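Coordinates from query.cif are shown below (mmCIF, C-alpha atoms).
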```cif
data_input
#
loop_
_atom_site.group_PDB
_atom_site.id
_atom_site.type_symbol
_atom_site.label_atom_id
_atom_site.label_comp_id
_atom_site.auth_asym_id
_atom_site.auth_seq_id
_atom_site.Cartn_x
_atom_site.Cartn_y
_atom_site.Cartn_z
ATOM 1 C CA MET A 9 0.000 0.000 0.000
ATOM 2 C CA ASP A 10 1.321 3.435 -0.948
ATOM 3 C CA LYS A 11 2.388 5.669 1.872
ATOM 4 C CA ILE A 12 0.054 8.630 2.466
ATOM 5 C CA VAL A 13 1.758 11.990 2.955
ATOM 6 C CA LYS A 14 -0.337 14.523 4.874
ATOM 7 C CA ILE A 15 0.357 18.248 4.597
ATOM 8 C CA ASN A 16 -1.105 20.967 6.785
ATOM 9 C CA ALA A 17 -1.459 23.806 4.270
ATOM 10 C CA GLU A 18 -2.649 26.442 6.731
ATOM 11 C CA GLY A 19 -0.762 29.647 5.928
ATOM 12 C CA VAL A 20 1.363 27.972 3.233
ATOM 13 C CA LYS A 21 1.781 30.060 0.070
ATOM 14 C CA TYR A 22 0.737 28.432 -3.170
ATOM 15 C CA ARG A 23 4.264 28.484 -4.642
ATOM 16 C CA GLN A 24 5.754 26.551 -1.751
ATOM 17 C CA LEU A 25 2.821 24.161 -1.740
ATOM 18 C CA ASN A 26 3.158 23.339 -5.420
ATOM 19 C CA ILE A 27 6.924 22.896 -5.151
ATOM 20 C CA LYS A 28 6.305 20.334 -2.407
ATOM 21 C CA LEU A 29 3.698 18.529 -4.526
ATOM 22 C CA ARG A 30 6.142 18.255 -7.435
ATOM 23 C CA GLU A 31 8.875 16.933 -5.180
ATOM 24 C CA LEU A 32 6.633 14.285 -3.655
ATOM 25 C CA THR A 33 5.275 13.198 -7.044
ATOM 26 C CA ALA A 34 8.773 12.957 -8.512
ATOM 27 C CA ASN A 35 9.789 10.760 -5.564
ATOM 28 C CA GLY A 36 6.993 8.307 -6.362
ATOM 29 C CA THR A 37 4.540 9.229 -3.598
ATOM 30 C CA GLY A 38 1.201 7.575 -4.384
ATOM 31 C CA LYS A 39 -1.192 9.641 -2.266
ATOM 32 C CA ILE A 40 -1.082 13.125 -0.767
ATOM 33 C CA GLU A 41 -3.606 14.710 1.584
ATOM 34 C CA LEU A 42 -3.799 18.500 1.771
ATOM 35 C CA HIS A 43 -5.540 19.775 4.893
ATOM 36 C CA ASN A 44 -6.694 23.323 5.739
ATOM 37 C CA ILE A 45 -6.608 24.482 2.134
ATOM 38 C CA CYS A 46 -8.007 28.002 1.873
ATOM 39 C CA GLY A 47 -7.776 29.638 -1.533
ATOM 40 C CA GLN A 48 -4.301 28.508 -2.605
ATOM 41 C CA ARG A 49 -4.213 28.797 -6.384
ATOM 42 C CA TYR A 50 -2.774 26.519 -9.056
ATOM 43 C CA ILE A 51 -2.755 23.357 -6.932
ATOM 44 C CA GLY A 52 -1.595 20.543 -9.204
ATOM 45 C CA THR A 53 -0.736 22.865 -12.081
ATOM 46 C CA ASP A 54 1.437 21.146 -14.699
ATOM 47 C CA LEU A 55 1.731 18.160 -12.387
ATOM 48 C CA GLU A 56 2.543 14.894 -14.153
ATOM 49 C CA GLY A 57 2.297 11.404 -12.713
ATOM 50 C CA ALA A 58 -0.154 8.878 -11.317
ATOM 51 C CA VAL A 59 -0.527 10.519 -7.915
ATOM 52 C CA GLU A 60 -3.745 10.866 -5.941
ATOM 53 C CA ILE A 61 -4.312 14.184 -4.161
ATOM 54 C CA GLU A 62 -7.112 14.689 -1.655
ATOM 55 C CA ILE A 63 -7.955 18.273 -0.738
ATOM 56 C CA PHE A 64 -9.808 19.206 2.433
ATOM 57 C CA GLY A 65 -10.953 22.809 2.177
ATOM 58 C CA THR A 66 -11.494 25.202 -0.717
ATOM 59 C CA PRO A 67 -8.758 25.410 -3.364
ATOM 60 C CA GLY A 68 -8.284 28.619 -5.344
ATOM 61 C CA ASN A 69 -8.413 29.279 -9.072
ATOM 62 C CA ASP A 70 -6.945 26.988 -11.740
ATOM 63 C CA LEU A 71 -6.972 23.781 -9.761
ATOM 64 C CA GLY A 72 -5.313 21.059 -11.836
ATOM 65 C CA ALA A 73 -4.414 23.374 -14.715
ATOM 66 C CA PHE A 74 -2.340 21.663 -17.443
ATOM 67 C CA MET A 75 -2.089 18.528 -15.322
ATOM 68 C CA ASP A 76 -1.345 15.124 -16.829
ATOM 69 C CA LYS A 77 -2.506 11.900 -15.077
ATOM 70 C CA PRO A 78 -3.116 12.859 -11.396
ATOM 71 C CA ARG A 79 -6.439 12.352 -9.677
ATOM 72 C CA ILE A 80 -7.532 15.262 -7.489
ATOM 73 C CA THR A 81 -10.459 14.900 -5.094
ATOM 74 C CA VAL A 82 -11.845 18.013 -3.405
ATOM 75 C CA HIS A 83 -13.877 17.550 -0.233
ATOM 76 C CA GLY A 84 -15.618 20.885 -0.615
ATOM 77 C CA ASN A 85 -16.069 23.521 -3.316
ATOM 78 C CA ALA A 86 -13.640 24.597 -6.044
ATOM 79 C CA GLN A 87 -13.189 28.088 -7.429
ATOM 80 C CA ASP A 88 -12.834 29.346 -11.025
ATOM 81 C CA GLY A 89 -10.836 27.699 -13.797
ATOM 82 C CA CYS A 90 -10.828 24.177 -12.400
ATOM 83 C CA GLY A 91 -9.154 21.855 -14.945
ATOM 84 C CA ASN A 92 -7.884 24.715 -17.124
ATOM 85 C CA THR A 93 -6.263 23.105 -20.205
ATOM 86 C CA MET A 94 -5.859 19.790 -18.390
ATOM 87 C CA ASN A 95 -4.352 17.034 -20.521
ATOM 88 C CA SER A 96 -5.407 13.907 -18.636
ATOM 89 C CA GLY A 97 -6.383 12.692 -15.176
ATOM 90 C CA GLU A 98 -9.447 13.320 -13.047
ATOM 91 C CA ILE A 99 -10.828 16.047 -10.823
ATOM 92 C CA ILE A 100 -13.671 15.059 -8.493
ATOM 93 C CA ILE A 101 -15.416 17.829 -6.573
ATOM 94 C CA HIS A 102 -17.714 17.058 -3.635
ATOM 95 C CA GLY A 103 -19.463 20.414 -3.864
ATOM 96 C CA HIS A 104 -19.773 23.289 -6.334
ATOM 97 C CA ALA A 105 -17.303 24.612 -8.907
ATOM 98 C CA GLY A 106 -16.912 28.179 -10.137
ATOM 99 C CA ASP A 107 -16.804 29.809 -13.573
ATOM 100 C CA ILE A 108 -14.998 28.436 -16.657
ATOM 101 C CA THR A 109 -14.752 24.922 -15.247
ATOM 102 C CA GLY A 110 -12.824 22.830 -17.768
ATOM 103 C CA LEU A 111 -11.605 25.850 -19.759
ATOM 104 C CA ALA A 112 -9.842 24.588 -22.923
ATOM 105 C CA ALA A 113 -9.492 21.077 -21.494
ATOM 106 C CA ARG A 114 -7.999 18.712 -24.058
ATOM 107 C CA GLY A 115 -8.337 15.484 -22.076
ATOM 108 C CA GLY A 116 -9.224 14.045 -18.687
ATOM 109 C CA ARG A 117 -12.462 14.061 -16.713
ATOM 110 C CA ILE A 118 -14.093 16.421 -14.256
ATOM 111 C CA PHE A 119 -16.966 15.309 -12.008
ATOM 112 C CA VAL A 120 -18.795 17.998 -10.021
ATOM 113 C CA ARG A 121 -21.376 16.836 -7.497
ATOM 114 C CA ASP A 122 -23.399 20.069 -7.488
ATOM 115 C CA ASP A 123 -23.586 23.224 -9.658
ATOM 116 C CA VAL A 124 -21.047 25.180 -11.698
ATOM 117 C CA GLY A 125 -20.814 28.842 -12.647
ATOM 118 C CA TYR A 126 -20.659 30.574 -16.009
ATOM 119 C CA ARG A 127 -19.013 29.321 -19.214
ATOM 120 C CA ALA A 128 -18.322 25.767 -18.064
ATOM 121 C CA GLY A 129 -16.533 23.823 -20.793
ATOM 122 C CA ILE A 130 -15.596 26.912 -22.820
ATOM 123 C CA HIS A 131 -13.142 26.035 -25.605
ATOM 124 C CA MET A 132 -12.990 22.351 -24.644
ATOM 125 C CA LYS A 133 -11.343 20.420 -27.440
ATOM 126 C CA GLY A 134 -10.642 16.822 -28.366
ATOM 127 C CA TYR A 135 -7.210 15.711 -29.532
ATOM 128 C CA ASN A 136 -6.675 12.394 -31.336
ATOM 129 C CA ASP A 137 -8.236 9.770 -29.048
ATOM 130 C CA LYS A 138 -8.667 12.197 -26.130
ATOM 131 C CA LYS A 139 -12.156 13.406 -25.247
ATOM 132 C CA PRO A 140 -12.289 15.774 -22.279
ATOM 133 C CA THR A 141 -15.399 15.103 -20.231
ATOM 134 C CA ILE A 142 -17.280 17.185 -17.671
ATOM 135 C CA VAL A 143 -20.153 15.666 -15.699
ATOM 136 C CA ILE A 144 -22.092 18.225 -13.652
ATOM 137 C CA GLY A 145 -24.506 16.826 -11.114
ATOM 138 C CA GLY A 146 -26.491 20.033 -10.786
ATOM 139 C CA THR A 147 -26.967 22.857 -13.238
ATOM 140 C CA ALA A 148 -24.874 25.565 -14.885
ATOM 141 C CA GLN A 149 -25.083 29.291 -15.530
ATOM 142 C CA ASP A 150 -25.144 30.983 -18.951
ATOM 143 C CA PHE A 151 -22.827 30.144 -21.855
ATOM 144 C CA VAL A 152 -22.239 26.550 -20.794
ATOM 145 C CA GLY A 153 -20.379 24.782 -23.628
ATOM 146 C CA GLU A 154 -19.410 28.058 -25.308
ATOM 147 C CA TYR A 155 -17.072 27.570 -28.288
ATOM 148 C CA MET A 156 -16.771 23.848 -27.578
ATOM 149 C CA ALA A 157 -14.567 22.219 -30.203
ATOM 150 C CA GLY A 158 -14.707 18.695 -28.820
ATOM 151 C CA GLY A 159 -15.346 16.615 -25.750
ATOM 152 C CA ILE A 160 -18.424 15.677 -23.747
ATOM 153 C CA MET A 161 -20.512 17.764 -21.377
ATOM 154 C CA VAL A 162 -23.267 16.265 -19.191
ATOM 155 C CA LEU A 163 -25.728 18.291 -17.084
ATOM 156 C CA LEU A 164 -27.757 16.113 -14.707
ATOM 157 C CA GLY A 165 -29.868 18.775 -12.957
ATOM 158 C CA LEU A 166 -29.973 16.905 -9.659
ATOM 159 C CA THR A 167 -29.977 20.118 -7.619
ATOM 160 C CA LEU A 168 -33.151 21.374 -9.319
ATOM 161 C CA SER A 169 -36.479 21.085 -7.545
ATOM 162 C CA LYS A 170 -39.184 18.828 -8.965
ATOM 163 C CA GLY A 171 -40.540 20.452 -12.104
ATOM 164 C CA GLU A 172 -37.778 23.072 -12.195
ATOM 165 C CA ARG A 173 -35.840 23.428 -15.443
ATOM 166 C CA HIS A 174 -32.301 24.490 -16.270
ATOM 167 C CA LYS A 175 -32.174 28.285 -16.540
ATOM 168 C CA ALA A 176 -28.916 28.732 -18.485
ATOM 169 C CA CYS A 177 -29.098 30.696 -21.728
ATOM 170 C CA PHE A 178 -26.719 30.860 -24.716
ATOM 171 C CA ILE A 179 -25.994 27.143 -24.282
ATOM 172 C CA GLY A 180 -23.419 26.038 -26.842
ATOM 173 C CA THR A 181 -22.898 29.485 -28.355
ATOM 174 C CA GLY A 182 -20.154 29.173 -30.982
ATOM 175 C CA MET A 183 -20.008 25.400 -30.501
ATOM 176 C CA HIS A 184 -18.312 23.595 -33.399
ATOM 177 C CA GLY A 185 -17.420 20.192 -31.968
ATOM 178 C CA GLY A 186 -18.257 17.774 -29.194
ATOM 179 C CA VAL A 187 -21.625 17.008 -27.645
ATOM 180 C CA ILE A 188 -23.754 18.243 -24.720
ATOM 181 C CA TYR A 189 -26.245 16.014 -22.897
ATOM 182 C CA ILE A 190 -28.825 17.710 -20.681
ATOM 183 C CA ARG A 191 -31.075 15.672 -18.408
ATOM 184 C CA GLY A 192 -34.540 17.056 -18.991
ATOM 185 C CA ASP A 193 -35.660 19.707 -21.467
ATOM 186 C CA VAL A 194 -34.481 23.162 -22.452
ATOM 187 C CA ASP A 195 -36.316 25.715 -24.603
ATOM 188 C CA ASP A 196 -35.071 26.869 -27.988
ATOM 189 C CA TYR A 197 -34.485 30.416 -26.726
ATOM 190 C CA GLN A 198 -31.887 29.031 -24.283
ATOM 191 C CA LEU A 199 -29.713 27.621 -27.055
ATOM 192 C CA GLY A 200 -26.994 29.280 -29.077
ATOM 193 C CA LYS A 201 -27.850 29.512 -32.766
ATOM 194 C CA GLU A 202 -24.946 27.208 -33.557
ATOM 195 C CA VAL A 203 -26.470 24.109 -31.899
ATOM 196 C CA ASP A 204 -29.287 21.740 -32.736
ATOM 197 C CA ARG A 205 -31.048 18.826 -31.023
ATOM 198 C CA ALA A 206 -30.955 15.129 -31.817
ATOM 199 C CA GLU A 207 -32.503 11.942 -30.484
ATOM 200 C CA LEU A 208 -30.168 9.762 -28.469
ATOM 201 C CA ASN A 209 -28.973 6.578 -30.167
ATOM 202 C CA ASN A 210 -27.622 3.388 -28.583
ATOM 203 C CA GLU A 211 -24.094 4.775 -28.476
ATOM 204 C CA ASP A 212 -25.311 7.886 -26.637
ATOM 205 C CA ASN A 213 -27.221 5.793 -24.101
ATOM 206 C CA GLU A 214 -24.246 3.534 -23.450
ATOM 207 C CA LEU A 215 -21.984 6.544 -22.965
ATOM 208 C CA LEU A 216 -24.413 8.196 -20.543
ATOM 209 C CA GLU A 217 -24.896 4.999 -18.569
ATOM 210 C CA SER A 218 -21.121 4.693 -18.206
ATOM 211 C CA LEU A 219 -20.601 8.318 -17.136
ATOM 212 C CA VAL A 220 -23.580 8.332 -14.771
ATOM 213 C CA GLY A 221 -22.346 5.043 -13.337
ATOM 214 C CA GLU A 222 -18.983 6.633 -12.596
ATOM 215 C CA TYR A 223 -20.639 9.744 -11.165
ATOM 216 C CA VAL A 224 -22.812 7.802 -8.704
ATOM 217 C CA GLU A 225 -19.814 5.776 -7.528
ATOM 218 C CA TYR A 226 -18.100 8.995 -6.480
ATOM 219 C CA PHE A 227 -21.146 10.583 -4.870
ATOM 220 C CA ASN A 228 -23.180 7.593 -3.669
ATOM 221 C CA MET A 229 -26.394 8.119 -5.665
ATOM 222 C CA ASN A 230 -28.951 5.975 -7.475
ATOM 223 C CA PRO A 231 -28.109 5.519 -11.190
ATOM 224 C CA LYS A 232 -31.535 4.111 -12.148
ATOM 225 C CA GLU A 233 -33.280 7.192 -10.792
ATOM 226 C CA ILE A 234 -30.983 9.475 -12.769
ATOM 227 C CA MET A 235 -31.327 7.522 -16.019
ATOM 228 C CA SER A 236 -35.122 7.331 -15.747
ATOM 229 C CA THR A 237 -35.435 10.934 -17.013
ATOM 230 C CA ARG A 238 -35.092 11.714 -20.716
ATOM 231 C CA PHE A 239 -31.922 13.466 -21.911
ATOM 232 C CA THR A 240 -31.634 16.196 -24.540
ATOM 233 C CA LYS A 241 -28.681 15.892 -26.918
ATOM 234 C CA LEU A 242 -27.137 19.035 -28.385
ATOM 235 C CA PHE A 243 -24.644 19.016 -31.242
ATOM 236 C CA PRO A 244 -23.027 21.701 -33.435
ATOM 237 C CA ARG A 245 -24.681 22.563 -36.725
ATOM 238 C CA TRP A 246 -21.451 23.666 -38.371
ATOM 239 C CA LEU A 247 -17.757 22.871 -38.050
ATOM 240 C CA ARG A 248 -16.765 26.514 -38.630
ATOM 241 C CA PRO A 249 -19.699 28.683 -37.509
ATOM 242 C CA TYR A 250 -17.767 31.954 -37.872
ATOM 243 C CA GLY A 251 -15.530 30.996 -40.786
ATOM 244 C CA ARG A 252 -17.143 33.480 -43.146
ATOM 245 C CA LEU A 253 -16.310 36.359 -40.825
ATOM 246 C CA TYR A 254 -12.600 35.808 -41.477
ATOM 247 C CA ALA A 255 -12.727 34.823 -45.150
ATOM 248 C CA TYR A 256 -11.181 37.139 -47.739
#
```

Represent the structure contained in this file as structure tokens.
Amino acid sequence: MDKIVKINAEGVKYRQLNIKLRELTANGTGKIELHNICGQRYIGTDLEGAVEIEIFGTPGNDLGAFMDKPRITVHGNAQDGCGNTMNSGEIIIHGHAGDITGLAARGGRIFVRDDVGYRAGIHMKGYNDKKPTIVIGGTAQDFVGEYMAGGIMVLLGLTLSKGERHKACFIGTGMHGGVIYIRGDVDDYQLGKEVDRAELNNEDNELLESLVGEYVEYFNMNPKEIMSTRFTKLFPRWLRPYGRLYAY
């Protein structure tokens, strides 16, 4: 069993904290616990290696930015820019996440138990066999999936009251790749003009069952109850929605 290294981060500046994380990862440490985290930014930034990091507290902006392979679990909320341009690995948040969650992610997975802020998944992109994935247990604010160029976004709406609908507008604005699955319905006025709807096929259902299955393992929920509600699939109408604006 890998040795667990516990760090009391109270009063520790983010630079010193991240230097320590790199040192421990380079030395082959398998699991690190960070206690008393309070707003330290860039935790796990550019970190490479199969290390597991558990965070107790509230990390600051750009958690896991550019990271490759680690798994970060947050026992609390995360702030803005979580998973910024992450390459691979996982971020699991037992709470809410802020704005631009998954900004420009090109791989890896992010699971958020509750809600996220504005512009979640903006500029997400796929690369070769990599498909960045964000599964949001609750709902999102406006411009979710803005300029998506690839990847998978799932909105489960589990924090909504019975009969309540997602309120986000401009969903998928500028989207030109990837796919968004929304549990429940959204109105046409909520969608960016670049996206359209489609019925789910067998491949979509299998993908959702897999992602929901992973989500409920992290957060101890009932998968059958989640999958019993119909999903809306959104996809981009065009590969280059603004191409004509830049044509000579």

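Listed by chain and then by number, the residues chosen by the PyMOL selection byres ((chain A and resi 23) around 12) in this file are Ala17, Gly19, Val20, Lys21, Tyr22, Gln24, Leu25, Asn26, Ile27, Lys28, Leu29, Arg30, Gln48, Arg49, Tyr50, Ile51, Gly52 and Thr53 of chain A.
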
#### Entry: Output of the PyMOL selection byres ((chain A and resi 182) around 9), listed as number ranges by chain
A: 153-157, 180-181, 183-184, 200-203, 244, 248-250

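Reported to one decimal place, the separation of atom CA of A:Tyr223 from atom CA of A:Gly38 is 23.0 Å.
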
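Counting all atoms listed in the file, the residue from A:Leu208, A:Leu55, A:Ala148, A:Val143 that sits nearest to A:Arg117 is A:Val143.
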
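Residue nearest A:Ile101, chosen from A:Pro67, A:Gly115, A:Gly134, A:Pro231 and counting all atoms listed in the file: A:Pro67.
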
### Query
Quick one: which residues end up in the PyMOL selection byres ((chain A and resi 163) around 7) for this structure, as a VMD selection string?
chain A and resid 143 to 147 161 to 162 164 to 165 189 to 191

Could you write out as lines of an AutoDock Vina configuration file the box around stretch 16-33 of chain A (axis-aligned, all atoms listed in the file, 8 Å on each side), with centre and edge lengths in Å to one decimal?
```
center_x = 3.1
center_y = 21.6
center_z = -0.3
size_x = 27.5
size_y = 32.9
size_z = 30.2
```

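Relative to atom CA of A:Phe178, atom CA of A:Asp193 is found at 14.7 Å.
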
### Message
With all atoms listed in the file as the counted atoms, please give the residues lying no more than 8 Å from A:Glu41, apart from itself and same-chain residues fewer than 3 positions off, as a PyMOL selection string.
### Response
chain A and resi 12-15+61-64

Given the selection you just returned, output its residues as a file containing C-alpha atoms, formatted as a short mmCIF file (atom, residue, chain, number, x, y, z; two decimals), in the frame of the given file.
```
data_model
loop_
_atom_site.label_atom_id
_atom_site.label_comp_id
_atom_site.auth_asym_id
_atom_site.auth_seq_id
_atom_site.Cartn_x
_atom_site.Cartn_y
_atom_site.Cartn_z
CA ILE A 12 0.05 8.63 2.47
CA VAL A 13 1.76 11.99 2.96
CA LYS A 14 -0.34 14.52 4.87
CA ILE A 15 0.36 18.25 4.60
CA ILE A 61 -4.31 14.18 -4.16
CA GLU A 62 -7.11 14.69 -1.66
CA ILE A 63 -7.96 18.27 -0.74
CA PHE A 64 -9.81 19.21 2.43
#
```

### Query
At a cut-off of 10 Å from (-17.0, 30.5, -18.4) in the coordinates of the file, what residues are picked up using only C-alpha atoms, written as number ranges by chain?
A: 88-89, 106-111, 124-131, 148-154

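Distances to A:Lys133 were evaluated for A:Asn95, A:Thr33, A:Thr167, A:Asn230 using all atoms listed in the file, and the minimum falls at A:Asn95.
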
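Coordinates place atom CA of A:Ile234 at a distance of 13.2 Å from atom CA of A:Arg121.
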
### Task
Kindly indicate which residue among A:Met94, A:Ile80, A:Asn85, A:Thr141 lies nearest to A:Glu222, using all atoms listed in the file for the distances.
A:Thr141

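You can rank A:Leu215, A:Leu242, A:Leu247, A:Ile100 by their closest distance to A:Ile179 using only C-alpha atoms, and at the top of that list sits A:Leu242.
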
### Summary
Counting all atoms listed in the file, closest pick from A:Thr81, A:Ser218, A:Asp70, A:Gly192 relative to A:Ser236 is A:Gly192
